[in-house]
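Data block for entry05.pdb (PDB, C-alpha atoms (C1' of nucleotides)):
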ATOM      1  CA  MET A   1       0.000   0.000   0.000  1.00  0.00           C
ATOM      2  CA  ALA A   2       1.163   3.497  -0.792  1.00  0.00           C
ATOM      3  CA  LYS A   3       2.564   5.581   1.988  1.00  0.00           C
ATOM      4  CA  ALA A   4       0.051   7.933   3.563  1.00  0.00           C
ATOM      5  CA  TYR A   5       0.446  11.272   5.289  1.00  0.00           C
ATOM      6  CA  TRP A   6      -1.023  12.751   8.439  1.00  0.00           C
ATOM      7  CA  LEU A   7      -0.985  15.897  10.481  1.00  0.00           C
ATOM      8  CA  PHE A   8      -0.557  15.577  14.260  1.00  0.00           C
ATOM      9  CA  LYS A   9      -1.353  18.552  16.416  1.00  0.00           C
ATOM     10  CA  SER A  10       0.444  19.263  19.626  1.00  0.00           C
ATOM     11  CA  ASP A  11       0.373  22.029  22.133  1.00  0.00           C
ATOM     12  CA  PRO A  12       4.051  22.925  22.580  1.00  0.00           C
ATOM     13  CA  GLU A  13       3.313  23.952  26.177  1.00  0.00           C
ATOM     14  CA  ASP A  14       2.495  20.330  26.817  1.00  0.00           C
ATOM     15  CA  PHE A  15       4.468  18.153  24.393  1.00  0.00           C
ATOM     16  CA  GLY A  16       6.082  19.822  21.382  1.00  0.00           C
ATOM     17  CA  VAL A  17       8.872  19.044  18.961  1.00  0.00           C
ATOM     18  CA  ALA A  18      11.470  19.888  21.602  1.00  0.00           C
ATOM     19  CA  GLU A  19      10.103  17.165  23.889  1.00  0.00           C
ATOM     20  CA  LEU A  20       9.911  14.621  21.075  1.00  0.00           C
ATOM     21  CA  LYS A  21      13.565  15.234  20.193  1.00  0.00           C
ATOM     22  CA  LYS A  22      14.568  14.636  23.810  1.00  0.00           C
ATOM     23  CA  CYS A  23      12.986  11.173  23.813  1.00  0.00           C
ATOM     24  CA  LYS A  24      15.089   8.059  23.349  1.00  0.00           C
ATOM     25  CA  ASN A  25      15.659   7.558  19.606  1.00  0.00           C
ATOM     26  CA  LYS A  26      13.587  10.733  19.172  1.00  0.00           C
ATOM     27  CA  THR A  27      10.644   8.376  19.351  1.00  0.00           C
ATOM     28  CA  SER A  28       7.518   8.614  21.457  1.00  0.00           C
ATOM     29  CA  LEU A  29       4.051   7.226  21.642  1.00  0.00           C
ATOM     30  CA  TRP A  30       1.342   9.685  20.702  1.00  0.00           C
ATOM     31  CA  ASP A  31      -0.943   9.364  23.696  1.00  0.00           C
ATOM     32  CA  GLY A  32      -3.948  11.161  25.089  1.00  0.00           C
ATOM     33  CA  VAL A  33      -6.062  11.321  21.942  1.00  0.00           C
ATOM     34  CA  ARG A  34      -9.662  11.187  23.169  1.00  0.00           C
ATOM     35  CA  ASN A  35     -11.647  11.859  20.031  1.00  0.00           C
ATOM     36  CA  TYR A  36     -13.314   8.992  18.201  1.00  0.00           C
ATOM     37  CA  GLN A  37     -12.576  10.186  14.692  1.00  0.00           C
ATOM     38  CA  ALA A  38      -8.903  10.580  15.518  1.00  0.00           C
ATOM     39  CA  ARG A  39      -8.961   7.256  17.400  1.00  0.00           C
ATOM     40  CA  ASN A  40     -10.225   5.444  14.305  1.00  0.00           C
ATOM     41  CA  LEU A  41      -7.324   6.812  12.283  1.00  0.00           C
ATOM     42  CA  LEU A  42      -4.781   5.776  14.914  1.00  0.00           C
ATOM     43  CA  ARG A  43      -6.287   2.305  15.263  1.00  0.00           C
ATOM     44  CA  ASP A  44      -7.069   1.459  11.639  1.00  0.00           C
ATOM     45  CA  LYS A  45      -5.426   3.702   9.096  1.00  0.00           C
ATOM     46  CA  ILE A  46      -2.032   4.920  10.225  1.00  0.00           C
ATOM     47  CA  LYS A  47       0.772   2.529   9.225  1.00  0.00           C
ATOM     48  CA  VAL A  48       4.493   2.134   9.814  1.00  0.00           C
ATOM     49  CA  GLY A  49       6.406   4.337   7.395  1.00  0.00           C
ATOM     50  CA  ASP A  50       3.660   6.939   7.012  1.00  0.00           C
ATOM     51  CA  GLY A  51       4.736  10.575   7.080  1.00  0.00           C
ATOM     52  CA  VAL A  52       3.630  13.009   9.783  1.00  0.00           C
ATOM     53  CA  LEU A  53       3.470  16.780   9.689  1.00  0.00           C
ATOM     54  CA  PHE A  54       4.136  17.930  13.244  1.00  0.00           C
ATOM     55  CA  TYR A  55       1.979  20.951  14.007  1.00  0.00           C
ATOM     56  CA  HIS A  56       2.114  23.353  16.918  1.00  0.00           C
ATOM     57  CA  SER A  57      -1.253  24.758  17.918  1.00  0.00           C
ATOM     58  CA  GLN A  58      -1.699  27.507  20.523  1.00  0.00           C
ATOM     59  CA  GLU A  59       1.248  29.368  18.999  1.00  0.00           C
ATOM     60  CA  LYS A  60       1.333  32.800  17.454  1.00  0.00           C
ATOM     61  CA  PRO A  61       0.971  31.897  14.705  1.00  0.00           C
ATOM     62  CA  PRO A  62       0.229  28.169  14.749  1.00  0.00           C
ATOM     63  CA  ALA A  63       2.455  26.301  12.304  1.00  0.00           C
ATOM     64  CA  VAL A  64       3.808  23.043  10.918  1.00  0.00           C
ATOM     65  CA  VAL A  65       7.295  22.882  12.402  1.00  0.00           C
ATOM     66  CA  ALA A  66       8.757  19.435  11.723  1.00  0.00           C
ATOM     67  CA  LEU A  67       8.489  16.103   9.945  1.00  0.00           C
ATOM     68  CA  ALA A  68       8.099  12.766  11.699  1.00  0.00           C
ATOM     69  CA  LYS A  69       7.599   9.172  10.726  1.00  0.00           C
ATOM     70  CA  VAL A  70       5.320   6.467  12.071  1.00  0.00           C
ATOM     71  CA  VAL A  71       7.476   3.665  13.517  1.00  0.00           C
ATOM     72  CA  ARG A  72       4.786   1.581  15.218  1.00  0.00           C
ATOM     73  CA  ALA A  73       1.152   1.197  14.166  1.00  0.00           C
ATOM     74  CA  GLY A  74      -1.904   1.368  16.411  1.00  0.00           C
ATOM     75  CA  TYR A  75      -1.919  -0.272  19.843  1.00  0.00           C
ATOM     76  CA  PRO A  76      -3.892   0.453  23.031  1.00  0.00           C
ATOM     77  CA  ASP A  77      -3.080   3.731  24.778  1.00  0.00           C
ATOM     78  CA  PRO A  78      -1.543   2.747  28.148  1.00  0.00           C
ATOM     79  CA  THR A  79      -2.633   5.997  29.796  1.00  0.00           C
ATOM     80  CA  GLN A  80      -6.298   4.977  29.635  1.00  0.00           C
ATOM     81  CA  PHE A  81      -5.586   2.261  32.246  1.00  0.00           C
ATOM     82  CA  ASP A  82      -3.439   4.432  34.510  1.00  0.00           C
ATOM     83  CA  LYS A  83      -5.471   5.823  37.404  1.00  0.00           C
ATOM     84  CA  ARG A  84      -2.923   8.554  38.009  1.00  0.00           C
ATOM     85  CA  SER A  85      -2.963   9.769  34.430  1.00  0.00           C
ATOM     86  CA  LYS A  86      -5.095  12.685  33.385  1.00  0.00           C
ATOM     87  CA  TYR A  87      -6.023  10.507  30.414  1.00  0.00           C
ATOM     88  CA  TYR A  88      -7.374   7.703  32.623  1.00  0.00           C
ATOM     89  CA  ASP A  89     -10.662   6.315  31.323  1.00  0.00           C
ATOM     90  CA  PRO A  90     -12.524   4.129  33.862  1.00  0.00           C
ATOM     91  CA  LYS A  91     -14.869   2.857  31.170  1.00  0.00           C
ATOM     92  CA  SER A  92     -12.124   1.306  29.079  1.00  0.00           C
ATOM     93  CA  THR A  93     -11.015  -2.325  29.543  1.00  0.00           C
ATOM     94  CA  HIS A  94      -7.976  -4.315  28.431  1.00  0.00           C
ATOM     95  CA  GLU A  95     -10.297  -6.724  26.609  1.00  0.00           C
ATOM     96  CA  ASP A  96     -11.899  -3.927  24.639  1.00  0.00           C
ATOM     97  CA  PRO A  97      -9.652  -0.867  24.773  1.00  0.00           C
ATOM     98  CA  ARG A  98     -11.247   2.362  23.722  1.00  0.00           C
ATOM     99  CA  TRP A  99      -8.210   4.513  22.900  1.00  0.00           C
ATOM    100  CA  PHE A 100      -5.176   3.896  20.708  1.00  0.00           C
ATOM    101  CA  VAL A 101      -1.723   5.328  20.071  1.00  0.00           C
ATOM    102  CA  VAL A 102       0.989   5.044  17.443  1.00  0.00           C
ATOM    103  CA  ASP A 103       4.718   5.659  17.885  1.00  0.00           C
ATOM    104  CA  ILE A 104       6.360   8.421  15.890  1.00  0.00           C
ATOM    105  CA  ARG A 105       9.995   9.372  15.434  1.00  0.00           C
ATOM    106  CA  HIS A 106      11.259  12.860  14.762  1.00  0.00           C
ATOM    107  CA  GLU A 107      12.831  13.078  11.301  1.00  0.00           C
ATOM    108  CA  ARG A 108      13.850  16.702  10.884  1.00  0.00           C
ATOM    109  CA  ASP A 109      12.720  20.221  11.615  1.00  0.00           C
ATOM    110  CA  LEU A 110      11.552  22.344   8.727  1.00  0.00           C
ATOM    111  CA  LYS A 111      14.014  25.126   7.853  1.00  0.00           C
ATOM    112  CA  ARG A 112      11.239  27.498   8.789  1.00  0.00           C
ATOM    113  CA  PRO A 113       7.741  27.012  10.229  1.00  0.00           C
ATOM    114  CA  VAL A 114       4.905  26.931   7.729  1.00  0.00           C
ATOM    115  CA  THR A 115       2.193  28.963   9.408  1.00  0.00           C
ATOM    116  CA  LEU A 116      -1.556  28.530   9.382  1.00  0.00           C
ATOM    117  CA  PRO A 117      -2.212  31.940   7.765  1.00  0.00           C
ATOM    118  CA  GLU A 118       0.192  30.972   4.963  1.00  0.00           C
ATOM    119  CA  ILE A 119      -1.478  27.609   4.524  1.00  0.00           C
ATOM    120  CA  ARG A 120      -4.872  29.324   4.251  1.00  0.00           C
ATOM    121  CA  GLU A 121      -3.557  31.551   1.481  1.00  0.00           C
ATOM    122  CA  THR A 122      -1.761  28.865  -0.512  1.00  0.00           C
ATOM    123  CA  PRO A 123      -3.522  27.471  -3.584  1.00  0.00           C
ATOM    124  CA  GLY A 124      -3.792  23.698  -3.256  1.00  0.00           C
ATOM    125  CA  LEU A 125      -3.945  23.785   0.533  1.00  0.00           C
ATOM    126  CA  ASP A 126      -7.357  25.385   0.975  1.00  0.00           C
ATOM    127  CA  LYS A 127      -9.039  21.973   1.140  1.00  0.00           C
ATOM    128  CA  MET A 128      -6.917  20.768   4.020  1.00  0.00           C
ATOM    129  CA  VAL A 129      -8.757  19.448   7.062  1.00  0.00           C
ATOM    130  CA  LEU A 130      -6.647  21.844   9.090  1.00  0.00           C
ATOM    131  CA  VAL A 131      -8.268  24.797   7.344  1.00  0.00           C
ATOM    132  CA  ASN A 132     -11.807  23.448   7.461  1.00  0.00           C
ATOM    133  CA  ARG A 133     -12.149  21.282  10.570  1.00  0.00           C
ATOM    134  CA  SER A 134      -9.539  22.767  12.736  1.00  0.00           C
ATOM    135  CA  ARG A 135     -10.370  20.889  15.927  1.00  0.00           C
ATOM    136  CA  LEU A 136      -9.438  17.392  14.754  1.00  0.00           C
ATOM    137  CA  SER A 137      -6.069  16.621  16.348  1.00  0.00           C
ATOM    138  CA  VAL A 138      -5.045  13.754  14.038  1.00  0.00           C
ATOM    139  CA  GLN A 139      -6.011  14.273  10.458  1.00  0.00           C
ATOM    140  CA  PRO A 140      -5.303  12.960   6.958  1.00  0.00           C
ATOM    141  CA  VAL A 141      -3.126  14.966   4.559  1.00  0.00           C
ATOM    142  CA  ARG A 142      -3.109  14.376   0.807  1.00  0.00           C
ATOM    143  CA  PRO A 143       0.284  13.581  -0.784  1.00  0.00           C
ATOM    144  CA  ASP A 144       0.182  16.757  -2.874  1.00  0.00           C
ATOM    145  CA  GLU A 145      -0.606  18.826   0.222  1.00  0.00           C
ATOM    146  CA  TYR A 146       2.281  17.192   2.073  1.00  0.00           C
ATOM    147  CA  LYS A 147       4.670  17.989  -0.784  1.00  0.00           C
ATOM    148  CA  ILE A 148       3.633  21.628  -0.941  1.00  0.00           C
ATOM    149  CA  ILE A 149       4.132  22.133   2.795  1.00  0.00           C
ATOM    150  CA  VAL A 150       7.515  20.394   2.841  1.00  0.00           C
ATOM    151  CA  LYS A 151       8.610  22.566  -0.064  1.00  0.00           C
ATOM    152  CA  MET A 152       7.428  25.735   1.669  1.00  0.00           C
ATOM    153  CA  GLY A 153       9.375  24.680   4.746  1.00  0.00           C
ATOM    154  CA  GLN A 154      12.575  24.364   2.690  1.00  0.00           C
ATOM    155  CA  SER A 155      12.788  27.919   1.412  1.00  0.00           C
ATOM    156  CA  THR A 156      14.120  30.652   3.628  1.00  0.00           C
TER
ATOM    157  C1'  DG B   1      -8.356  35.992  27.866  1.00  0.00           C
ATOM    158  C1'  DC B   2     -12.315  35.667  24.876  1.00  0.00           C
ATOM    159  C1'  DC B   3     -15.424  33.193  22.446  1.00  0.00           C
ATOM    160  C1'  DA B   4     -17.079  30.379  18.371  1.00  0.00           C
ATOM    161  C1'  DA B   5     -17.252  25.822  16.911  1.00  0.00           C
ATOM    162  C1'  DC B   6     -18.013  21.481  17.937  1.00  0.00           C
ATOM    163  C1'  DG B   7     -17.898  17.022  20.492  1.00  0.00           C
ATOM    164  C1'  DT B   8     -19.957  14.598  24.492  1.00  0.00           C
ATOM    165  C1'  DT B   9     -23.251  13.639  28.099  1.00  0.00           C
ATOM    166  C1'  DG B  10     -27.448  12.655  30.092  1.00  0.00           C
ATOM    167  C1'  DG B  11     -32.471  13.487  30.986  1.00  0.00           C
ATOM    168  C1'  DC B  12     -36.599  12.618  28.976  1.00  0.00           C
TER
ATOM    169  C1'  DG C   1     -33.274   8.992  19.640  1.00  0.00           C
ATOM    170  C1'  DC C   2     -33.549  13.963  20.424  1.00  0.00           C
ATOM    171  C1'  DC C   3     -31.594  17.889  22.036  1.00  0.00           C
ATOM    172  C1'  DA C   4     -30.190  21.145  25.748  1.00  0.00           C
ATOM    173  C1'  DA C   5     -26.464  21.775  28.711  1.00  0.00           C
ATOM    174  C1'  DC C   6     -21.928  21.499  29.283  1.00  0.00           C
ATOM    175  C1'  DG C   7     -16.879  21.075  28.455  1.00  0.00           C
ATOM    176  C1'  DT C   8     -12.931  21.549  25.430  1.00  0.00           C
ATOM    177  C1'  DT C   9     -10.196  23.125  21.611  1.00  0.00           C
ATOM    178  C1'  DG C  10      -7.755  26.410  19.418  1.00  0.00           C
ATOM    179  C1'  DG C  11      -7.544  30.771  16.569  1.00  0.00           C
ATOM    180  C1'  DC C  12      -7.376  35.383  17.375  1.00  0.00           C
TER
END
Could I get this file's structure written as structure tokens?
Amino acid sequence: MAKAYWLFKSDPEDFGVAELKKCKNKTSLWDGVRNYQARNLLRDKIKVGDGVLFYHSQEKPPAVVALAKVVRAGYPDPTQFDKRSKYYDPKSTHEDPRWFVVDIRHERDLKRPVTLPEIRETPGLDKMVLVNRSRLSVQPVRPDEYKIIVKMGQST
DNA sequence: GCCAACGTTGGC
DNA sequence: GCCAACGTTGGC
């Protein structure tokens, strides 16, 4: 199957690119997603080798800042079973886990951030989920959209 | 910090 | 199964 692309949103106050790079092998599980649409993507659609646009929300301006790669496909989110975690979900069971994660590895930072206002103005990117359904925290990206953003992030 | 958009919950 | 109330996200 052809490689697919995704956009993962993070709040850099909480867990941004800097934190991902500090992880062992620059790899971390992507935990805490508690939205069913995003869950379905993590569980069913996102595969090893897929490309990830790493996006910082809550920034001025919000922007795609780095590229990452999926290194492990969907498995149950351990935080849902951890009573001390803010992501603990008492209704979830090991037999029938409700929430899923994937592992991603940091590949490289873009030479410059590609900002949301820019993305809105760029022909070919106006159909992105990011522009139209901004609250979805894990979302599909078309290959042509991915290429355009990577290219924008190359130029100074 | 505000608030619009939108997802979730729960009473009926 | 509807929908009002409520909580959260995220751009500005």
Exercise. Can you list, as an NGL selection string, the residues that the PyMOL selection byres ((chain A and resi 66) around 7) selects here?
Worked result: :A and (53-54 or 64-65 or 67-68 or 108-110)
For this session: Please indicate the distance in Å from CA of Ala63 (chain A) to CA of Arg34 (chain A), rounded to one decimal place.
Result: 22.2 Å
Problem set entry | Selection result for the PyMOL selection byres ((chain B and resi 12) around 10) on this file, as a PyMOL selection string | (chain B and resi 10-11) or (chain C and resi 2)
Exercise. Taking the file as shown, what set of residues would the PyMOL selection byres ((chain A) within 12 of (chain B)) give back, as a PyMOL selection string?
Worked result: chain A and resi 34-37+132-136
Problem set entry | Spatial neighbours of Tyr75 (chain A), 9 Å, all atoms listed in the file, chain gap at least 2 places, as a ChimeraX atom specification | /A:42-43,72-73,77-78,99-102
Would you give the centre and edge lengths, in Å to one decimal, of a box along x, y and z around the listed atoms of region 41-54 of chain A, with 5 Å added to each side, as JSON?
{"center_x": -0.5, "center_y": 9.7, "center_z": 11.1, "size_x": 23.7, "size_y": 26.5, "size_z": 18.3}
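Distance-wise, CA of Leu29 (chain A) and CA of His94 (chain A) end up 18.0 Å apart.
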Seminar exercise, completed: The distance between CA of Ser28 (chain A) and CA of Val114 (chain A) is 23.0 Å
For this session: Might you pull out every residue within 8 Å of Val71 (chain A), with only C-alpha atoms (C1' of nucleotides) counted and same-chain residues fewer than 2 positions away left off, and present them as number ranges by chain?
Result: A: 48-49, 69, 73, 102-105
For this session: Extract, using only C-alpha atoms (C1' of nucleotides), all DNA, RNA and protein residues at most 12 Å from Glu118 (chain A), discarding same-chain residues fewer than 5 positions from it, and format them as a list in words.
Result: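 Within the cut-off, the hits are Pro61, Pro62, Ala63, Val64, Pro113, Pro123, Gly124, Leu125, Asp126, Val131, Ile148, Ile149, Met152 and Gly153 of chain A.
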Restricted to C-alpha atoms, what would the selected residues look like written as a short mmCIF file (atom, residue, chain, number, x, y, z; two decimals), in the coordinates of the input?
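Output (out_27.cif):
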data_model
loop_
_atom_site.label_atom_id
_atom_site.label_comp_id
_atom_site.auth_asym_id
_atom_site.auth_seq_id
_atom_site.Cartn_x
_atom_site.Cartn_y
_atom_site.Cartn_z
CA PRO A 61 0.97 31.90 14.70
CA PRO A 62 0.23 28.17 14.75
CA ALA A 63 2.46 26.30 12.30
CA VAL A 64 3.81 23.04 10.92
CA PRO A 113 7.74 27.01 10.23
CA PRO A 123 -3.52 27.47 -3.58
CA GLY A 124 -3.79 23.70 -3.26
CA LEU A 125 -3.94 23.78 0.53
CA ASP A 126 -7.36 25.38 0.98
CA VAL A 131 -8.27 24.80 7.34
CA ILE A 148 3.63 21.63 -0.94
CA ILE A 149 4.13 22.13 2.80
CA MET A 152 7.43 25.74 1.67
CA GLY A 153 9.38 24.68 4.75
#
Exercise. Using only C-alpha atoms, which of A:Lys9, A:Lys26, A:Lys151, A:Arg84 sits nearest Glu59 (chain A)?
Worked result: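 Comparing A:Lys9, A:Lys26, A:Lys151, A:Arg84 against Glu59 (chain A), the winner is A:Lys9.
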Return region 72-83 of chain A, completed with all heavy atoms, as an mmCIF file, in the coordinates of the input.
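Done, and the output landed in rebuild_5.cif:
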data_model
loop_
_atom_site.group_PDB
_atom_site.id
_atom_site.type_symbol
_atom_site.label_atom_id
_atom_site.label_comp_id
_atom_site.auth_asym_id
_atom_site.auth_seq_id
_atom_site.Cartn_x
_atom_site.Cartn_y
_atom_site.Cartn_z
ATOM 1 N N ARG A 72 5.583 2.697 14.710
ATOM 2 C CA ARG A 72 4.786 1.581 15.218
ATOM 3 C C ARG A 72 3.312 1.909 15.015
ATOM 4 O O ARG A 72 2.876 3.015 15.349
ATOM 5 C CB ARG A 72 5.085 1.338 16.702
ATOM 6 C CG ARG A 72 4.333 0.116 17.236
ATOM 7 C CD ARG A 72 4.666 -0.180 18.694
ATOM 8 N NE ARG A 72 3.760 -1.215 19.192
ATOM 9 C CZ ARG A 72 3.672 -1.570 20.475
ATOM 10 N NH1 ARG A 72 4.433 -0.982 21.372
ATOM 11 N NH2 ARG A 72 2.821 -2.504 20.846
ATOM 12 N N ALA A 73 2.558 0.957 14.463
ATOM 13 C CA ALA A 73 1.152 1.197 14.166
ATOM 14 C C ALA A 73 0.302 1.030 15.426
ATOM 15 O O ALA A 73 0.813 0.683 16.492
ATOM 16 C CB ALA A 73 0.691 0.245 13.064
ATOM 17 N N GLY A 74 -0.980 1.258 15.284
ATOM 18 C CA GLY A 74 -1.904 1.368 16.411
ATOM 19 C C GLY A 74 -1.867 0.264 17.447
ATOM 20 O O GLY A 74 -1.914 -0.917 17.113
ATOM 21 N N TYR A 75 -1.795 0.653 18.711
ATOM 22 C CA TYR A 75 -1.919 -0.272 19.843
ATOM 23 C C TYR A 75 -2.581 0.502 20.988
ATOM 24 O O TYR A 75 -2.619 1.729 20.951
ATOM 25 C CB TYR A 75 -0.556 -0.853 20.236
ATOM 26 C CG TYR A 75 0.503 0.134 20.709
ATOM 27 C CD1 TYR A 75 0.737 0.328 22.061
ATOM 28 C CD2 TYR A 75 1.275 0.846 19.788
ATOM 29 C CE1 TYR A 75 1.713 1.222 22.494
ATOM 30 C CE2 TYR A 75 2.256 1.738 20.210
ATOM 31 C CZ TYR A 75 2.470 1.928 21.562
ATOM 32 O OH TYR A 75 3.431 2.810 21.988
ATOM 33 N N PRO A 76 -3.122 -0.228 21.989
ATOM 34 C CA PRO A 76 -3.892 0.453 23.031
ATOM 35 C C PRO A 76 -3.081 1.505 23.782
ATOM 36 O O PRO A 76 -1.924 1.273 24.124
ATOM 37 C CB PRO A 76 -4.318 -0.689 23.957
ATOM 38 C CG PRO A 76 -4.318 -1.895 23.085
ATOM 39 C CD PRO A 76 -3.175 -1.700 22.125
ATOM 40 N N ASP A 77 -3.706 2.634 24.040
ATOM 41 C CA ASP A 77 -3.080 3.731 24.778
ATOM 42 C C ASP A 77 -2.949 3.345 26.253
ATOM 43 O O ASP A 77 -3.946 3.185 26.940
ATOM 44 C CB ASP A 77 -3.967 4.981 24.623
ATOM 45 C CG ASP A 77 -3.364 6.214 25.284
ATOM 46 O OD1 ASP A 77 -2.453 6.054 26.130
ATOM 47 O OD2 ASP A 77 -3.805 7.323 24.945
ATOM 48 N N PRO A 78 -1.711 3.181 26.757
ATOM 49 C CA PRO A 78 -1.543 2.747 28.148
ATOM 50 C C PRO A 78 -2.109 3.741 29.158
ATOM 51 O O PRO A 78 -2.491 3.342 30.258
ATOM 52 C CB PRO A 78 -0.027 2.596 28.298
ATOM 53 C CG PRO A 78 0.583 3.327 27.151
ATOM 54 C CD PRO A 78 -0.435 3.351 26.052
ATOM 55 N N THR A 79 -2.179 5.004 28.801
ATOM 56 C CA THR A 79 -2.633 5.997 29.796
ATOM 57 C C THR A 79 -4.107 5.819 30.165
ATOM 58 O O THR A 79 -4.527 6.248 31.229
ATOM 59 C CB THR A 79 -2.406 7.442 29.298
ATOM 60 O OG1 THR A 79 -3.211 7.688 28.141
ATOM 61 C CG2 THR A 79 -0.950 7.698 28.964
ATOM 62 N N GLN A 80 -4.879 5.155 29.313
ATOM 63 C CA GLN A 80 -6.298 4.977 29.635
ATOM 64 C C GLN A 80 -6.506 4.038 30.828
ATOM 65 O O GLN A 80 -7.556 4.042 31.443
ATOM 66 C CB GLN A 80 -7.069 4.449 28.424
ATOM 67 C CG GLN A 80 -6.765 3.005 28.029
ATOM 68 C CD GLN A 80 -7.259 2.669 26.639
ATOM 69 O OE1 GLN A 80 -8.419 2.858 26.336
ATOM 70 N NE2 GLN A 80 -6.364 2.192 25.781
ATOM 71 N N PHE A 81 -5.488 3.211 31.131
ATOM 72 C CA PHE A 81 -5.586 2.261 32.246
ATOM 73 C C PHE A 81 -4.875 2.757 33.497
ATOM 74 O O PHE A 81 -4.862 2.081 34.518
ATOM 75 C CB PHE A 81 -4.980 0.907 31.841
ATOM 76 C CG PHE A 81 -5.574 0.340 30.578
ATOM 77 C CD1 PHE A 81 -4.767 0.045 29.475
ATOM 78 C CD2 PHE A 81 -6.945 0.119 30.485
ATOM 79 C CE1 PHE A 81 -5.313 -0.469 28.303
ATOM 80 C CE2 PHE A 81 -7.500 -0.397 29.312
ATOM 81 C CZ PHE A 81 -6.695 -0.689 28.225
ATOM 82 N N ASP A 82 -4.253 3.905 33.423
ATOM 83 C CA ASP A 82 -3.439 4.432 34.510
ATOM 84 C C ASP A 82 -4.260 5.426 35.340
ATOM 85 O O ASP A 82 -4.525 6.546 34.908
ATOM 86 C CB ASP A 82 -2.197 5.111 33.918
ATOM 87 C CG ASP A 82 -1.294 5.697 34.994
ATOM 88 O OD1 ASP A 82 -1.643 5.598 36.205
ATOM 89 O OD2 ASP A 82 -0.243 6.255 34.630
ATOM 90 N N LYS A 83 -4.607 4.998 36.547
ATOM 91 C CA LYS A 83 -5.471 5.823 37.404
ATOM 92 C C LYS A 83 -4.881 7.195 37.707
ATOM 93 O O LYS A 83 -5.608 8.145 37.982
ATOM 94 C CB LYS A 83 -5.755 5.096 38.718
ATOM 95 C CG LYS A 83 -6.757 3.972 38.598
ATOM 96 C CD LYS A 83 -7.394 3.685 39.964
ATOM 97 C CE LYS A 83 -8.520 2.684 39.877
ATOM 98 N NZ LYS A 83 -8.075 1.314 39.552
#
